[in-house]
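**Q** Pasting a structure here, questions to come.
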Amino acid sequence: MPEFRLAQISDTHLARRLSELTGNFHRVSEYIDLERPDLIINSGDIAFDGPTNRDDLEFAKTLHDALPVACRYLPGNHDIGDNPTGVGPAPSQPATEQDRQAFVSIFGEDRWRFDAAGWCFIGLDSLVMNTGLASEAEQFDWLASQLSSTNGKPVALFLHKPLYLNTPGDPEIAATAIRYVPIPARGRLIEMLRAVDLRLVASGHVHQRRDFTFGHIRHVWAPSAGFIIPDKIQEVIGTKEVGLVEYRFQPDSFEVRHVRAPGQIDIGLDILIDPPSKR
């Protein structure tokens with residue numbers, strides 16, 4: 001059985017008005033054109049501000065359509081809004097069914113499953129979790145059906161938010177609750193995944209590259225393809241740099257390669273929200 005080569009990009013945050021981020025995306029596109037993986041997955045925050053500016057979503061889709069390889073998508077909080085947590089303030093832009101439907105109308109499915117190289121690949125919409133929206137219950141029902149038909153294959157899970165910082169038992173605290181799949185949805189998801197041979201959880205959202213293993217599950221946090229968040233705004237957890245992640249899957253094994261496309265620039269969020277020209 002041939003290997004399956006996959007490239008994960010994340011947190012592209014594309015908008016017509018932010019040419020710096022478009023430039024970084026073009027460098028990624030050029031790299032993908034050279035490497036030609038079998039598939040690209042964008043694990044969310046595709047647009048800079050989808051809930052208040054549909055043009056950001058449409059512009060992002062136009063750029064992705066020009067990629068030389070097929071792409072699958074998952075929504076992030078900048079695409080459909082954020083999910084509530086048990087602690088901390090309510091999100092300023094809560095995830096809504098209207099915004100989820102807008103995402104689906106442009107990018108297609110917000111959850112998916114496919115099989116390749118002896119693996120089962122599952123993508124989930126982590127932003128509807130804990131919302132109480134009908135689509136949250138529908139997704140959990142759909143996931144149960146998909147997990148029941150993996151037939152012993154190893155599973156790779158993709159979603160926007162990491163499951164947790166270090167362990168499934170990590171407490172939810174106000175300062176960082178928005179970074180991870182919220183409790184109690186997290187516990188339900190983890191319990192469902194115990195029924196299958198989960199080997200990989202791949203996410204984005206934090207804008208830091210991180211790679212660790214808990215038990216037999218490898219957790220890969222893809223960096224943003226667009227920008228980094230300065231230390232004065234966000235503490236260091238992993239590595240703050242722009243880039244992407246490459247995977248090679250073979251039956252019963254996989255490899256991970258952390259890469260940076262030639263020409264990508266570590267643009268700081270502070271420069272985007274307060275450019276020197278406006279100071």
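Residue numbering restarts at 1 for every chain of the structure tokens, chains are lettered A, B, ... in their displayed order, and ligands are numbered from 1 as they appear.
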Looking only at strand (DSSP E) from DSSP on the backbone, list the matching residues of stretch 128-228 of chain A as a list of chain:residue names.

**A**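 Output for stretch 128-228 of chain A, strand (DSSP E) only: A:Pro154, A:Val155, A:Ala156, A:Leu157, A:Phe158, A:Asp197, A:Leu198, A:Arg199, A:Leu200, A:Val201, A:Ala202, A:Ser203, A:Arg210, A:Asp211, A:Phe212, A:Thr213, A:Phe214, A:Ile217, A:Arg218, A:His219, A:Val220, A:Trp221, A:Phe227, A:Ile228.
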
**Q** Would you export the selected residues with N, CA and C atoms as an mmCIF file, in the first residue's frame, please?

**A**
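Dumped to selection_8.cif:
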```cif
data_model
loop_
_atom_site.group_PDB
_atom_site.id
_atom_site.type_symbol
_atom_site.label_atom_id
_atom_site.label_comp_id
_atom_site.auth_asym_id
_atom_site.auth_seq_id
_atom_site.Cartn_x
_atom_site.Cartn_y
_atom_site.Cartn_z
ATOM 1 N N PRO A 154 -5.712 2.550 12.568
ATOM 2 C CA PRO A 154 -5.265 3.688 13.375
ATOM 3 C C PRO A 154 -5.978 4.961 12.933
ATOM 4 N N VAL A 155 -6.225 5.853 13.871
ATOM 5 C CA VAL A 155 -7.011 7.061 13.622
ATOM 6 C C VAL A 155 -6.141 8.295 13.808
ATOM 7 N N ALA A 156 -6.275 9.234 12.863
ATOM 8 C CA ALA A 156 -5.668 10.560 12.970
ATOM 9 C C ALA A 156 -6.801 11.572 13.055
ATOM 10 N N LEU A 157 -6.803 12.367 14.123
ATOM 11 C CA LEU A 157 -7.852 13.358 14.359
ATOM 12 C C LEU A 157 -7.306 14.746 14.090
ATOM 13 N N PHE A 158 -8.058 15.534 13.312
ATOM 14 C CA PHE A 158 -7.706 16.922 13.045
ATOM 15 C C PHE A 158 -8.833 17.815 13.565
ATOM 16 N N ASP A 197 -8.219 3.173 17.952
ATOM 17 C CA ASP A 197 -6.755 3.236 18.030
ATOM 18 C C ASP A 197 -6.285 4.625 17.595
ATOM 19 N N LEU A 198 -6.543 5.623 18.441
ATOM 20 C CA LEU A 198 -6.150 6.997 18.140
ATOM 21 C C LEU A 198 -4.642 7.135 18.283
ATOM 22 N N ARG A 199 -3.967 7.573 17.214
ATOM 23 C CA ARG A 199 -2.507 7.717 17.238
ATOM 24 C C ARG A 199 -2.061 9.181 17.155
ATOM 25 N N LEU A 200 -2.883 10.036 16.521
ATOM 26 C CA LEU A 200 -2.473 11.409 16.256
ATOM 27 C C LEU A 200 -3.626 12.367 16.495
ATOM 28 N N VAL A 201 -3.343 13.478 17.192
ATOM 29 C CA VAL A 201 -4.273 14.602 17.292
ATOM 30 C C VAL A 201 -3.529 15.815 16.759
ATOM 31 N N ALA A 202 -3.998 16.361 15.647
ATOM 32 C CA ALA A 202 -3.340 17.496 14.987
ATOM 33 C C ALA A 202 -4.255 18.711 15.075
ATOM 34 N N SER A 203 -3.696 19.827 15.538
ATOM 35 C CA SER A 203 -4.498 21.030 15.764
ATOM 36 C C SER A 203 -3.689 22.262 15.390
ATOM 37 N N ARG A 210 4.239 22.900 18.416
ATOM 38 C CA ARG A 210 4.475 22.021 19.568
ATOM 39 C C ARG A 210 4.225 20.577 19.149
ATOM 40 N N ASP A 211 4.984 19.668 19.731
ATOM 41 C CA ASP A 211 4.901 18.256 19.349
ATOM 42 C C ASP A 211 5.229 17.437 20.588
ATOM 43 N N PHE A 212 4.241 16.720 21.137
ATOM 44 C CA PHE A 212 4.485 15.914 22.326
ATOM 45 C C PHE A 212 3.616 14.664 22.278
ATOM 46 N N THR A 213 3.956 13.701 23.103
ATOM 47 C CA THR A 213 3.208 12.441 23.148
ATOM 48 C C THR A 213 2.707 12.216 24.561
ATOM 49 N N PHE A 214 1.432 11.887 24.671
ATOM 50 C CA PHE A 214 0.848 11.488 25.954
ATOM 51 C C PHE A 214 0.280 10.084 25.772
ATOM 52 N N ILE A 217 -0.488 8.555 22.186
ATOM 53 C CA ILE A 217 -1.073 9.518 21.248
ATOM 54 C C ILE A 217 -0.120 10.688 21.057
ATOM 55 N N ARG A 218 0.216 10.970 19.817
ATOM 56 C CA ARG A 218 1.079 12.109 19.504
ATOM 57 C C ARG A 218 0.218 13.334 19.217
ATOM 58 N N HIS A 219 0.555 14.439 19.836
ATOM 59 C CA HIS A 219 -0.179 15.689 19.666
ATOM 60 C C HIS A 219 0.717 16.669 18.912
ATOM 61 N N VAL A 220 0.255 17.117 17.768
ATOM 62 C CA VAL A 220 1.020 18.056 16.952
ATOM 63 C C VAL A 220 0.230 19.351 16.830
ATOM 64 N N TRP A 221 0.826 20.433 17.294
ATOM 65 C CA TRP A 221 0.231 21.757 17.125
ATOM 66 C C TRP A 221 0.909 22.415 15.935
ATOM 67 N N PHE A 227 1.047 34.539 11.089
ATOM 68 C CA PHE A 227 1.740 35.446 11.998
ATOM 69 C C PHE A 227 1.986 34.793 13.348
ATOM 70 N N ILE A 228 2.874 35.408 14.125
ATOM 71 C CA ILE A 228 3.158 34.964 15.485
ATOM 72 C C ILE A 228 2.552 35.952 16.472
#
```

**Q** Would you list, as JSON, numbers by chain, the residues of stretch 88-235 of chain A that end up in alpha helix (DSSP H) under DSSP run on this structure's backbone?

**A** {"A": [97, 98, 99, 100, 101, 102, 103, 104, 105, 106, 107, 134, 135, 136, 137, 138, 139, 140, 141, 142, 143, 144, 145, 146, 147, 185, 186, 187, 188, 189, 190, 191, 192, 193]}

**Q** For the atom pair atom CA of A:Ile80 and atom CA of A:Asp99, what is the interatomic distance in Å to one decimal place?

**A**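 Taking atom CA of A:Ile80 as the start and atom CA of A:Asp99 as the end point, the length is 4.9 Å.
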
**Q** Would you mind telling me which residue in A:Val69, A:Cys120, A:Ala175, A:Ile273 lies nearest to A:Gln146 when using only C-alpha atoms?

**A**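 Nearest candidate to A:Gln146 out of A:Val69, A:Cys120, A:Ala175, A:Ile273: A:Cys120.
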
**Q** Compile a residue-level contact table for stretch 168-232 of chain A against stretch 25-36 of chain A at a cut-off of 12 Å, reporting for every qualifying residue the shortest atom pair and its distance in Å to one decimal, with only C-alpha atoms counted, rows ordered by chain and ascending number, as a tab-separated table.

**A**
```
residue	atom	partner	partner_atom	distance
A:Ser224	CA	A:Phe25	CA	10.3
A:Ala225	CA	A:Phe25	CA	6.7
A:Gly226	CA	A:Phe25	CA	6.9
A:Phe227	CA	A:Phe25	CA	10.4
```

**Q** May I have the residues from that selection written out with all heavy atoms, as a tab-separated table (two decimals), in the first residue's frame?

**A**
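Produced file part-v2.tsv, reproduced below:
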```tsv
chain	number	residue	atom	x	y	z
A	224	SER	N	0.97	28.92	13.08
A	224	SER	CA	0.25	29.73	12.10
A	224	SER	C	1.08	29.85	10.83
A	224	SER	O	2.30	29.99	10.89
A	224	SER	CB	-0.01	31.13	12.68
A	224	SER	OG	-0.48	32.02	11.67
A	225	ALA	N	0.40	29.81	9.71
A	225	ALA	CA	1.08	30.10	8.44
A	225	ALA	C	1.19	31.60	8.23
A	225	ALA	O	1.91	32.04	7.33
A	225	ALA	CB	0.32	29.47	7.27
A	226	GLY	N	0.49	32.38	9.06
A	226	GLY	CA	0.40	33.81	8.84
A	226	GLY	C	1.24	34.68	9.74
A	226	GLY	O	2.04	35.49	9.28
A	227	PHE	N	1.05	34.54	11.09
A	227	PHE	CA	1.74	35.45	12.00
A	227	PHE	C	1.99	34.79	13.35
A	227	PHE	O	1.39	33.77	13.68
A	227	PHE	CB	0.97	36.75	12.17
A	227	PHE	CG	-0.40	36.61	12.82
A	227	PHE	CD1	-0.55	36.59	14.20
A	227	PHE	CD2	-1.55	36.51	12.03
A	227	PHE	CE1	-1.81	36.47	14.79
A	227	PHE	CE2	-2.81	36.40	12.61
A	227	PHE	CZ	-2.94	36.38	14.00
```

**Q** Taking 4 positions as the minimum chain separation for residues in the same chain, which residues sit within 7 Å of A:Val259 when counting only C-alpha atoms? Answer as a PyMOL selection string.

**A** chain A and resi 243-245
